[in-house]
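> Take a look at protein_33.cif, mmCIF, C-alpha atoms:
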```
data_upload
#
loop_
_atom_site.group_PDB
_atom_site.id
_atom_site.type_symbol
_atom_site.label_atom_id
_atom_site.label_comp_id
_atom_site.auth_asym_id
_atom_site.auth_seq_id
_atom_site.Cartn_x
_atom_site.Cartn_y
_atom_site.Cartn_z
ATOM 1 C CA MET S 1 101.322 52.145 75.451
ATOM 2 C CA GLU S 2 104.557 52.477 77.366
ATOM 3 C CA ILE S 3 106.542 50.757 80.061
ATOM 4 C CA THR S 4 109.519 51.846 82.111
ATOM 5 C CA THR S 5 112.778 49.922 82.198
ATOM 6 C CA ARG S 6 112.192 49.076 85.873
ATOM 7 C CA ASP S 7 108.679 47.812 85.099
ATOM 8 C CA PHE S 8 110.071 45.713 82.276
ATOM 9 C CA LEU S 9 112.883 44.211 84.331
ATOM 10 C CA THR S 10 110.529 43.503 87.241
ATOM 11 C CA VAL S 11 108.184 41.674 84.873
ATOM 12 C CA LEU S 12 111.144 39.807 83.380
ATOM 13 C CA HIS S 13 112.228 38.745 86.887
ATOM 14 C CA GLY S 14 108.765 37.719 88.076
ATOM 15 C CA MET S 15 107.059 36.469 84.953
ATOM 16 C CA GLY S 16 109.915 35.735 82.595
ATOM 17 C CA PHE S 17 112.022 33.743 85.034
ATOM 18 C CA GLY S 18 109.946 33.062 88.154
ATOM 19 C CA ALA S 19 106.577 32.203 86.651
ATOM 20 C CA LEU S 20 108.120 30.182 83.828
ATOM 21 C CA PHE S 21 110.067 28.250 86.455
ATOM 22 C CA MET S 22 106.824 27.636 88.385
ATOM 23 C CA LEU S 23 105.048 26.474 85.239
ATOM 24 C CA ALA S 24 107.794 23.946 84.583
ATOM 25 C CA PHE S 25 107.208 22.192 87.916
ATOM 26 C CA SER S 26 104.145 20.249 86.783
ATOM 27 C CA GLY S 27 106.128 18.744 83.931
ATOM 28 C CA ALA S 28 109.143 18.038 86.127
ATOM 29 C CA LEU S 29 107.142 16.356 88.888
ATOM 30 C CA LEU S 30 105.186 14.233 86.408
ATOM 31 C CA GLU S 31 108.317 13.139 84.565
ATOM 32 C CA LEU S 32 110.240 12.479 87.795
ATOM 33 C CA TYR S 33 107.379 10.266 88.917
ATOM 34 C CA ARG S 34 107.299 8.474 85.567
ATOM 35 C CA LEU S 35 111.061 8.040 85.688
ATOM 36 C CA SER S 36 111.027 6.509 89.123
ATOM 37 C CA ALA S 37 107.688 4.714 89.302
ATOM 38 C CA PRO S 38 108.037 0.961 89.596
ATOM 39 C CA GLY S 39 106.030 -1.458 87.474
ATOM 40 C CA PRO S 40 105.170 -1.676 83.800
ATOM 41 C CA GLN S 41 105.222 1.590 81.939
ATOM 42 C CA ALA S 42 106.102 3.097 78.631
ATOM 43 C CA PRO S 43 109.796 2.617 77.932
ATOM 44 C CA ILE S 44 111.993 5.648 78.533
ATOM 45 C CA THR S 45 114.463 6.103 75.759
ATOM 46 C CA ALA S 46 117.903 7.633 75.922
ATOM 47 C CA ARG S 47 116.460 10.576 73.969
ATOM 48 C CA ASP S 48 113.681 11.006 76.546
ATOM 49 C CA GLN S 49 116.272 11.029 79.309
ATOM 50 C CA THR S 50 118.417 13.571 77.516
ATOM 51 C CA LEU S 51 115.434 15.837 76.875
ATOM 52 C CA PHE S 52 114.350 15.589 80.493
ATOM 53 C CA GLY S 53 117.885 16.359 81.621
ATOM 54 C CA VAL S 54 117.899 19.470 79.425
ATOM 55 C CA PHE S 55 114.477 20.400 80.827
ATOM 56 C CA LEU S 56 115.757 20.168 84.432
ATOM 57 C CA VAL S 57 118.940 22.070 83.614
ATOM 58 C CA GLY S 58 116.732 24.734 82.027
ATOM 59 C CA MET S 59 114.665 24.879 85.220
ATOM 60 C CA ALA S 60 117.787 25.256 87.338
ATOM 61 C CA ILE S 61 119.036 28.067 85.067
ATOM 62 C CA LEU S 62 115.659 29.831 85.321
ATOM 63 C CA ALA S 63 115.778 29.507 89.106
ATOM 64 C CA TRP S 64 119.271 31.032 89.265
ATOM 65 C CA LEU S 65 118.300 33.824 86.845
ATOM 66 C CA SER S 66 115.251 34.544 88.965
ATOM 67 C CA VAL S 67 117.113 34.880 92.281
ATOM 68 C CA PHE S 68 120.101 36.763 90.850
ATOM 69 C CA SER S 69 117.941 39.216 88.897
ATOM 70 C CA GLY S 70 115.808 39.678 92.006
ATOM 71 C CA ALA S 71 118.726 40.263 94.365
ATOM 72 C CA TYR S 72 120.995 42.331 92.122
ATOM 73 C CA VAL S 73 118.620 44.179 89.785
ATOM 74 C CA ILE S 74 115.196 44.584 91.446
ATOM 75 C CA TYR S 75 116.032 44.529 95.161
ATOM 76 C CA PRO S 76 118.382 47.565 95.061
ATOM 77 C CA TRP S 77 115.469 49.633 93.689
ATOM 78 C CA TYR S 78 113.168 48.208 96.344
ATOM 79 C CA ARG S 79 115.475 49.057 99.251
ATOM 80 C CA ALA S 80 116.700 52.433 97.983
ATOM 81 C CA VAL S 81 116.872 55.089 100.690
ATOM 82 C CA PRO S 82 114.935 58.307 99.981
ATOM 83 C CA PRO S 83 116.297 61.788 100.712
ATOM 84 C CA ALA S 84 115.563 62.852 104.279
ATOM 85 C CA ASP S 85 113.039 65.554 103.380
ATOM 86 C CA LEU S 86 111.052 63.528 100.857
ATOM 87 C CA THR S 87 107.402 62.971 101.766
ATOM 88 C CA ASP S 88 106.254 61.132 98.624
ATOM 89 C CA LEU S 89 107.690 57.634 99.115
ATOM 90 C CA SER S 90 106.053 56.049 96.086
ATOM 91 C CA ASP S 91 109.446 55.531 94.396
ATOM 92 C CA TYR S 92 110.891 53.898 97.518
ATOM 93 C CA PRO S 93 108.858 50.691 98.061
ATOM 94 C CA ARG S 94 110.536 49.487 101.263
ATOM 95 C CA ARG S 95 110.183 52.832 103.004
ATOM 96 C CA LEU S 96 106.646 53.192 101.683
ATOM 97 C CA LEU S 97 105.620 49.863 103.221
ATOM 98 C CA LEU S 98 107.359 50.610 106.521
ATOM 99 C CA SER S 99 105.730 54.032 106.774
ATOM 100 C CA SER S 100 102.413 52.517 107.873
ATOM 101 C CA GLY S 101 101.494 49.828 110.352
ATOM 102 C CA LYS S 102 98.917 48.623 107.845
ATOM 103 C CA THR S 103 101.594 47.721 105.306
ATOM 104 C CA SER S 104 104.806 47.167 107.290
ATOM 105 C CA GLY S 105 104.118 43.437 107.585
ATOM 106 C CA TRP S 106 104.413 43.124 103.823
ATOM 107 C CA HIS S 107 108.060 44.065 104.226
ATOM 108 C CA ASN S 108 108.860 42.624 107.654
ATOM 109 C CA ILE S 109 107.405 39.215 106.864
ATOM 110 C CA GLY S 110 106.694 39.126 103.134
ATOM 111 C CA MET S 111 109.847 40.617 101.658
ATOM 112 C CA GLU S 112 112.150 39.319 104.385
ATOM 113 C CA TRP S 113 110.842 35.769 103.852
ATOM 114 C CA LYS S 114 110.763 36.014 100.060
ATOM 115 C CA GLU S 115 114.309 37.326 99.673
ATOM 116 C CA HIS S 116 115.741 34.400 101.644
ATOM 117 C CA VAL S 117 113.503 31.396 100.967
ATOM 118 C CA ALA S 118 113.722 31.864 97.192
ATOM 119 C CA TRP S 119 117.386 30.799 97.262
ATOM 120 C CA LEU S 120 116.451 27.271 98.327
ATOM 121 C CA ALA S 121 114.870 26.636 94.917
ATOM 122 C CA PRO S 122 117.976 26.948 92.678
ATOM 123 C CA ILE S 123 120.072 24.955 95.149
ATOM 124 C CA ALA S 124 117.472 22.185 95.191
ATOM 125 C CA MET S 125 116.872 22.184 91.426
ATOM 126 C CA THR S 126 120.597 22.117 90.643
ATOM 127 C CA MET S 127 120.857 18.970 92.762
ATOM 128 C CA VAL S 128 117.755 17.461 91.131
ATOM 129 C CA ALA S 129 119.119 18.140 87.635
ATOM 130 C CA TYR S 130 122.517 16.692 88.525
ATOM 131 C CA VAL S 131 121.177 13.513 90.138
ATOM 132 C CA THR S 132 118.650 12.911 87.368
ATOM 133 C CA LEU S 133 121.267 13.362 84.644
ATOM 134 C CA LYS S 134 123.820 11.269 86.511
ATOM 135 C CA TYR S 135 121.561 8.309 87.253
ATOM 136 C CA GLY S 136 118.898 8.459 84.569
ATOM 137 C CA ARG S 137 116.514 5.522 84.575
ATOM 138 C CA SER S 138 118.738 3.617 87.013
ATOM 139 C CA ILE S 139 117.445 5.871 89.781
ATOM 140 C CA ILE S 140 114.658 3.298 90.065
ATOM 141 C CA GLN S 141 117.194 1.135 91.898
ATOM 142 C CA HIS S 142 117.803 3.853 94.470
ATOM 143 C CA ARG S 143 114.496 4.314 96.271
ATOM 144 C CA ASN S 144 115.814 6.794 98.845
ATOM 145 C CA MET S 145 117.521 8.824 96.139
ATOM 146 C CA ARG S 146 114.324 9.288 94.167
ATOM 147 C CA VAL S 147 112.482 10.155 97.397
ATOM 148 C CA ALA S 148 115.081 12.875 97.972
ATOM 149 C CA VAL S 149 114.845 14.131 94.393
ATOM 150 C CA LEU S 150 111.050 14.331 94.555
ATOM 151 C CA GLY S 151 111.146 15.856 98.046
ATOM 152 C CA PHE S 152 113.586 18.592 97.086
ATOM 153 C CA THR S 153 111.606 19.313 93.911
ATOM 154 C CA VAL S 154 108.462 19.797 95.994
ATOM 155 C CA ALA S 155 110.417 21.991 98.443
ATOM 156 C CA ALA S 156 111.695 24.093 95.538
ATOM 157 C CA PHE S 157 108.113 24.457 94.313
ATOM 158 C CA VAL S 158 106.942 25.577 97.776
ATOM 159 C CA ALA S 159 109.842 28.036 98.149
ATOM 160 C CA THR S 160 109.160 29.481 94.703
ATOM 161 C CA GLY S 161 105.442 29.683 95.445
ATOM 162 C CA ILE S 162 106.115 31.666 98.642
ATOM 163 C CA ALA S 163 108.521 34.002 96.846
ATOM 164 C CA GLY S 164 106.229 34.414 93.849
ATOM 165 C CA ALA S 165 103.077 35.037 95.865
ATOM 166 C CA PHE S 166 104.723 37.640 98.090
ATOM 167 C CA GLY S 167 106.377 39.177 95.048
ATOM 168 C CA ALA S 168 102.967 39.660 93.431
ATOM 169 C CA PHE S 169 101.477 41.194 96.594
ATOM 170 C CA LEU S 170 104.483 43.427 97.189
ATOM 171 C CA ASN S 171 104.319 44.704 93.647
ATOM 172 C CA LYS S 172 100.654 45.501 94.222
ATOM 173 C CA TYR S 173 101.116 47.467 97.456
ATOM 174 C CA ALA S 174 104.495 49.022 96.669
ATOM 175 C CA PRO S 175 105.430 48.621 93.015
ATOM 176 C CA ILE S 176 108.903 49.225 91.680
ATOM 177 C CA ARG S 177 108.706 52.425 89.668
ATOM 178 C CA GLY S 178 110.939 54.676 87.657
ATOM 179 C CA GLY S 179 113.547 54.300 84.983
ATOM 180 C CA SER S 180 113.460 55.455 81.428
ATOM 181 C CA VAL S 181 110.265 55.081 79.438
ATOM 182 C CA ILE S 182 109.991 52.568 76.614
ATOM 183 C CA ILE S 183 107.180 53.420 74.211
ATOM 184 C CA LEU S 184 105.700 50.169 72.931
ATOM 185 C CA MET S 185 103.120 51.729 70.626
ATOM 186 C CA GLN S 186 101.247 54.952 70.168
ATOM 187 C CA GLY S 187 97.571 54.763 71.119
ATOM 188 C CA GLU S 188 94.733 56.751 69.667
ATOM 189 C CA GLU S 189 94.012 60.114 71.328
ATOM 190 C CA MET W 4 105.809 7.677 70.777
ATOM 191 C CA SER W 5 109.456 7.101 70.268
ATOM 192 C CA THR W 6 110.979 3.675 70.463
ATOM 193 C CA PRO W 7 113.487 2.524 73.059
ATOM 194 C CA GLN W 8 116.982 3.547 72.090
ATOM 195 C CA ASN W 9 118.906 2.772 75.259
ATOM 196 C CA PRO W 10 122.116 1.046 74.416
ATOM 197 C CA VAL W 11 122.327 -1.873 76.834
ATOM 198 C CA GLY W 12 125.892 -1.005 77.727
ATOM 199 C CA ALA W 13 124.972 2.561 78.615
ATOM 200 C CA ARG W 14 122.168 1.399 80.890
ATOM 201 C CA GLN W 15 124.419 -1.114 82.615
ATOM 202 C CA ALA W 16 127.026 1.597 83.093
ATOM 203 C CA ALA W 17 124.417 3.864 84.671
ATOM 204 C CA ASP W 18 123.140 1.020 86.832
ATOM 205 C CA SER W 19 126.601 0.418 88.183
ATOM 206 C CA ILE W 20 127.074 3.972 89.478
ATOM 207 C CA PRO W 21 127.361 3.845 93.280
ATOM 208 C CA ASN W 22 124.955 6.020 95.228
ATOM 209 C CA GLY W 23 127.807 8.114 96.670
ATOM 210 C CA PRO W 24 127.802 10.936 94.074
ATOM 211 C CA GLY W 25 124.016 11.290 94.331
ATOM 212 C CA ALA W 26 124.143 11.167 98.121
ATOM 213 C CA ALA W 27 126.837 13.861 98.125
ATOM 214 C CA ALA W 28 124.700 16.147 95.952
ATOM 215 C CA ILE W 29 121.595 15.537 98.077
ATOM 216 C CA LEU W 30 123.297 16.129 101.441
ATOM 217 C CA ALA W 31 125.103 19.173 100.056
ATOM 218 C CA ALA W 32 121.755 20.614 98.910
ATOM 219 C CA GLY W 33 120.473 20.127 102.453
ATOM 220 C CA ILE W 34 123.583 21.804 103.877
ATOM 221 C CA GLY W 35 123.225 24.705 101.416
ATOM 222 C CA SER W 36 119.558 25.152 102.330
ATOM 223 C CA ALA W 37 120.343 25.174 106.040
ATOM 224 C CA ALA W 38 123.185 27.617 105.390
ATOM 225 C CA VAL W 39 120.749 30.104 103.838
ATOM 226 C CA GLY W 40 118.635 29.985 106.992
ATOM 227 C CA ILE W 41 121.494 29.977 109.500
ATOM 228 C CA VAL W 42 123.360 32.865 107.857
ATOM 229 C CA SER W 43 120.107 34.845 107.639
ATOM 230 C CA LEU W 44 119.464 34.296 111.343
ATOM 231 C CA ALA W 45 123.069 35.188 112.216
ATOM 232 C CA ALA W 46 122.775 38.462 110.301
ATOM 233 C CA GLU W 47 119.579 39.325 112.161
ATOM 234 C CA ALA W 48 121.112 38.418 115.511
ATOM 235 C CA SER W 49 124.325 40.391 115.123
ATOM 236 C CA GLU W 50 124.819 43.847 113.672
ATOM 237 C CA GLY W 51 128.503 42.996 113.132
ATOM 238 C CA VAL W 52 127.650 39.931 111.053
ATOM 239 C CA LYS W 53 125.079 41.947 109.092
ATOM 240 C CA ASN W 54 127.658 44.640 108.301
ATOM 241 C CA PHE W 55 130.266 42.035 107.369
ATOM 242 C CA LEU W 56 127.819 40.426 104.928
ATOM 243 C CA ASN W 57 127.219 43.692 103.092
ATOM 244 C CA PHE W 58 129.332 42.565 100.125
ATOM 245 C CA TYR W 59 127.527 44.750 97.578
ATOM 246 C CA ASN W 60 126.011 47.935 98.932
ATOM 247 C CA PRO W 61 122.961 48.292 96.630
ATOM 248 C CA THR W 62 121.805 44.785 97.630
ATOM 249 C CA GLY W 63 122.989 45.080 101.231
ATOM 250 C CA PRO W 64 123.564 42.105 103.544
ATOM 251 C CA LEU W 65 121.491 39.836 101.284
ATOM 252 C CA SER W 66 124.466 39.776 98.907
ATOM 253 C CA GLY W 67 126.736 38.345 101.597
ATOM 254 C CA LYS W 68 124.178 35.972 103.095
ATOM 255 C CA THR W 69 123.515 34.290 99.774
ATOM 256 C CA THR W 70 127.142 34.339 98.626
ATOM 257 C CA VAL W 71 128.283 32.677 101.853
ATOM 258 C CA ALA W 72 125.464 30.105 101.647
ATOM 259 C CA ILE W 73 126.361 29.261 98.036
ATOM 260 C CA ILE W 74 130.041 28.878 98.944
ATOM 261 C CA ILE W 75 129.123 26.573 101.856
ATOM 262 C CA TRP W 76 126.847 24.518 99.560
ATOM 263 C CA LEU W 77 129.448 24.144 96.803
ATOM 264 C CA ALA W 78 132.268 23.427 99.271
ATOM 265 C CA ALA W 79 130.143 20.755 100.986
ATOM 266 C CA TRP W 80 129.290 19.220 97.597
ATOM 267 C CA PHE W 81 132.965 19.181 96.583
ATOM 268 C CA VAL W 82 134.151 17.622 99.853
ATOM 269 C CA LEU W 83 131.352 15.033 99.997
ATOM 270 C CA SER W 84 131.916 14.127 96.344
ATOM 271 C CA ARG W 85 135.582 13.532 97.066
ATOM 272 C CA LEU W 86 134.680 11.381 100.072
ATOM 273 C CA TRP W 87 131.802 9.425 98.524
ATOM 274 C CA GLY W 88 132.519 9.567 94.791
ATOM 275 C CA THR W 89 133.155 5.857 94.401
ATOM 276 C CA LYS W 90 131.317 4.571 97.473
ATOM 277 C CA THR W 91 127.932 3.237 98.381
ATOM 278 C CA VAL W 92 126.633 5.022 101.450
ATOM 279 C CA ALA W 93 123.667 4.598 103.826
ATOM 280 C CA MET W 94 121.207 6.545 101.737
ATOM 281 C CA ARG W 95 118.414 6.502 104.306
ATOM 282 C CA GLN W 96 120.560 8.318 106.859
ATOM 283 C CA VAL W 97 121.728 10.748 104.199
ATOM 284 C CA ASN W 98 118.098 11.472 103.304
ATOM 285 C CA LEU W 99 117.107 11.987 106.929
ATOM 286 C CA ALA W 100 119.954 14.450 107.397
ATOM 287 C CA ALA W 101 119.251 16.207 104.083
ATOM 288 C CA PHE W 102 115.532 16.630 104.800
ATOM 289 C CA ALA W 103 116.226 17.794 108.365
ATOM 290 C CA LEU W 104 118.653 20.400 107.006
ATOM 291 C CA LEU W 105 116.181 21.422 104.304
ATOM 292 C CA GLY W 106 113.473 21.818 106.961
ATOM 293 C CA LEU W 107 115.864 23.879 109.073
ATOM 294 C CA GLY W 108 116.571 26.071 106.076
ATOM 295 C CA LEU W 109 112.870 26.601 105.379
ATOM 296 C CA LEU W 110 112.190 27.320 109.053
ATOM 297 C CA LEU W 111 115.053 29.762 109.554
ATOM 298 C CA THR W 112 114.142 31.843 106.526
ATOM 299 C CA PHE W 113 110.731 32.587 108.082
ATOM 300 C CA PRO W 114 111.134 35.961 109.870
ATOM 301 C CA PRO W 115 108.805 35.258 112.844
ATOM 302 C CA VAL W 116 111.098 32.335 113.768
ATOM 303 C CA TRP W 117 114.057 34.728 114.114
ATOM 304 C CA GLY W 118 112.249 36.315 117.035
ATOM 305 C CA LEU W 119 112.364 33.013 118.931
ATOM 306 C CA PHE W 120 116.162 33.104 118.879
ATOM 307 C CA ILE W 121 116.815 36.832 119.065
ATOM 308 C CA GLY W 122 114.034 37.830 121.437
#
```
What is this file in structure tokens?

Amino acid sequence: MEITTRDFLTVLHGMGFGALFMLAFSGALLELYRLSAPGPQAPITARDQTLFGVFLVGMAILAWLSVFSGAYVIYPWYRAVPPADLTDLSDYPRRLLLSSGKTSGWHNIGMEWKEHVAWLAPIAMTMVAYVTLKYGRSIIQHRNMRVAVLGFTVAAFVATGIAGAFGAFLNKYAPIRGGSVIILMQGEE
Amino acid sequence: MSTPQNPVGARQAADSIPNGPGAAAILAAGIGSAAVGIVSLAAEASEGVKNFLNFYNPTGPLSGKTTVAIIIWLAAWFVLSRLWGTKTVAMRQVNLAAFALLGLGLLLTFPPVWGLFIG
């Protein structure tokens, strides 16, 4: 069983950072609602607030890691230009997709949308983490502020969903390949 | 289930924070989101802008688009924080502007929309 360095880093970008960030949304949305919901509820302690603040900061860090690793590690491999006389484009995902009308849309819409919209998520989540840490439970007194925090969290979720879904499809039709081989274990012959 | 530990003084201190710092962060996030979309559209519309934004060749113009958008976002946050840091502002208007800018950002990152402006 082996994996290449590019495979590994692509998985780290998509699953390690992106998918983990997506998974964290359910917890963030639930806790943001609990934090801001009016009426009787379980008391929120200072420790709860601190933990939630750390959780949101962690989400923001994951979002930044995801977009930076995507733009500066994975994307250069994706957009690499093949030699002029090369006919096998399997190591050049962008050119491979653009070589056929059946797949060009995956680049022209999918990749072009993904590479831009993804950046809205870390911007939004950095704001959400900051506001939540700054105001804590007192955000309940600022109705419009908690509407904004929830709204931007949902927008970050949507942006990440678009980027993640297209990332999965792109990696299916034109996977990032190459790099040195890492042998994970030897299988039986 | 843990028990309440909020020191009363800490809660009162948090309660007394004006909405200005939060409003600054929220509007700046909207401005940053719109900047991502506007810079992306500008790069598609102009070959000169696209070439200018090629800050790091392996990543291409995406490096410049996102760097510029991040700088605009952080600069807006800094300026708005300085302006609103100790103030209470009209949060509803701030929200309307922030969501409109966020919507603009989402819209302008969608490639088929570029065609409406570029032709």
> Evaluate the PyMOL selection byres ((chain S) within 9 of (chain W)) against this structure - the residues, as a ChimeraX atom specification, please.
/S:43-48,71-73,75-77,79-80,108-110,112-117,119-121,123-124,126-128,130-132,134-139,141-145,147-149,151-152,155,159
> Given the point (111.5, 17.2, 91.4) in the file's coordinates, find the residues that have an atom at most 6 Å from it, counting only C-alpha atoms, and give them as a PDB file with C-alpha atoms, in the coordinates of the input.

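Generated file (result.pdb):
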```pdb
ATOM      1  CA  ALA S  28     109.143  18.038  86.127  1.00  0.00           C
ATOM      2  CA  LEU S  29     107.142  16.356  88.888  1.00  0.00           C
ATOM      3  CA  VAL S 149     114.845  14.131  94.393  1.00  0.00           C
ATOM      4  CA  LEU S 150     111.050  14.331  94.555  1.00  0.00           C
ATOM      5  CA  THR S 153     111.606  19.313  93.911  1.00  0.00           C
TER       6      THR S 153
END
```
> To verify the selection step, state as a PyMOL selection string which residues the PyMOL selection byres ((chain S and resi 25) around 10) yields on this input.
chain S and resi 20-24+26-31+56+59+153-154+156-157
> Interatomic distance between CA of Trp106 in chain S and CA of Ala163 in chain S?
12.2 Å
> What does the distance from CA of Pro93 in chain S to CA of Leu119 in chain W come to in Å, to one decimal?
27.6 Å
> Would you compute the distance between CA of Trp117 in chain W and CA of Glu50 in chain W? Give it in Å to one decimal.
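Pair CA of Trp117 in chain W / CA of Glu50 in chain W returns 14.1 Å.
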> Here is a test: counting all atoms listed in the file, which residue of W:Gly23, W:Ile41, W:Ile74, W:Ala48 is nearest to Leu107 in chain W?
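Using all atoms listed in the file, the shortest distance to Leu107 in chain W belongs to W:Ile41.
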> So that I can see what lies close to Pro64 in chain W, please list as a PyMOL selection string the residues with an atom at most 10 Å from it, counting only C-alpha atoms and leaving out residues fewer than 5 positions away in the same chain.
chain W and resi 43+46-47+52-59+69-70
> Show me, as a ChimeraX atom specification, the residues that have an atom within 7 Å of Leu98 in chain S when counting all atoms listed in the file, minus same-chain residues fewer than 5 positions from it.
/S:103-104,107
> Skip Gly18 in chain S itself and residues of its chain fewer than 3 positions away, then list as number ranges by chain all residues within 7 Å of it, counting only C-alpha atoms.
S: 13-15, 21-22, 63, 66, 164
> In terms of the shortest atom-to-atom distance over all atoms listed in the file, which of S:Leu89, S:Ile3, S:Thr160, S:Gly53 is closest to Gln186 in chain S?
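Closest residue, counting all atoms listed in the file: S:Ile3.
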> So, counting all atoms listed in the file, which residue among S:Ile74, S:Glu188, S:Arg34, S:Lys172 is closest to Phe8 in chain S?
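Ranked by minimum distance to Phe8 in chain S, first place goes to S:Ile74.
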> With only C-alpha atoms as the atoms that count, which of S:Gly70, S:Gly58, S:Gly101, S:Gly187 lies nearest to Leu9 in chain S?
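Among S:Gly70, S:Gly58, S:Gly101, S:Gly187, it is S:Gly70 that comes nearest to Leu9 in chain S.
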> As AutoDock Vina command-line options, what would the box around range 3-14 of chain S look like: edges along x, y and z, 3 Å added on every side, centre and edge lengths in Å to one decimal?

```
--center_x 109.7 --center_y 44.8 --center_z 84.1 --size_x 12.3 --size_y 20.1 --size_z 14.0
```
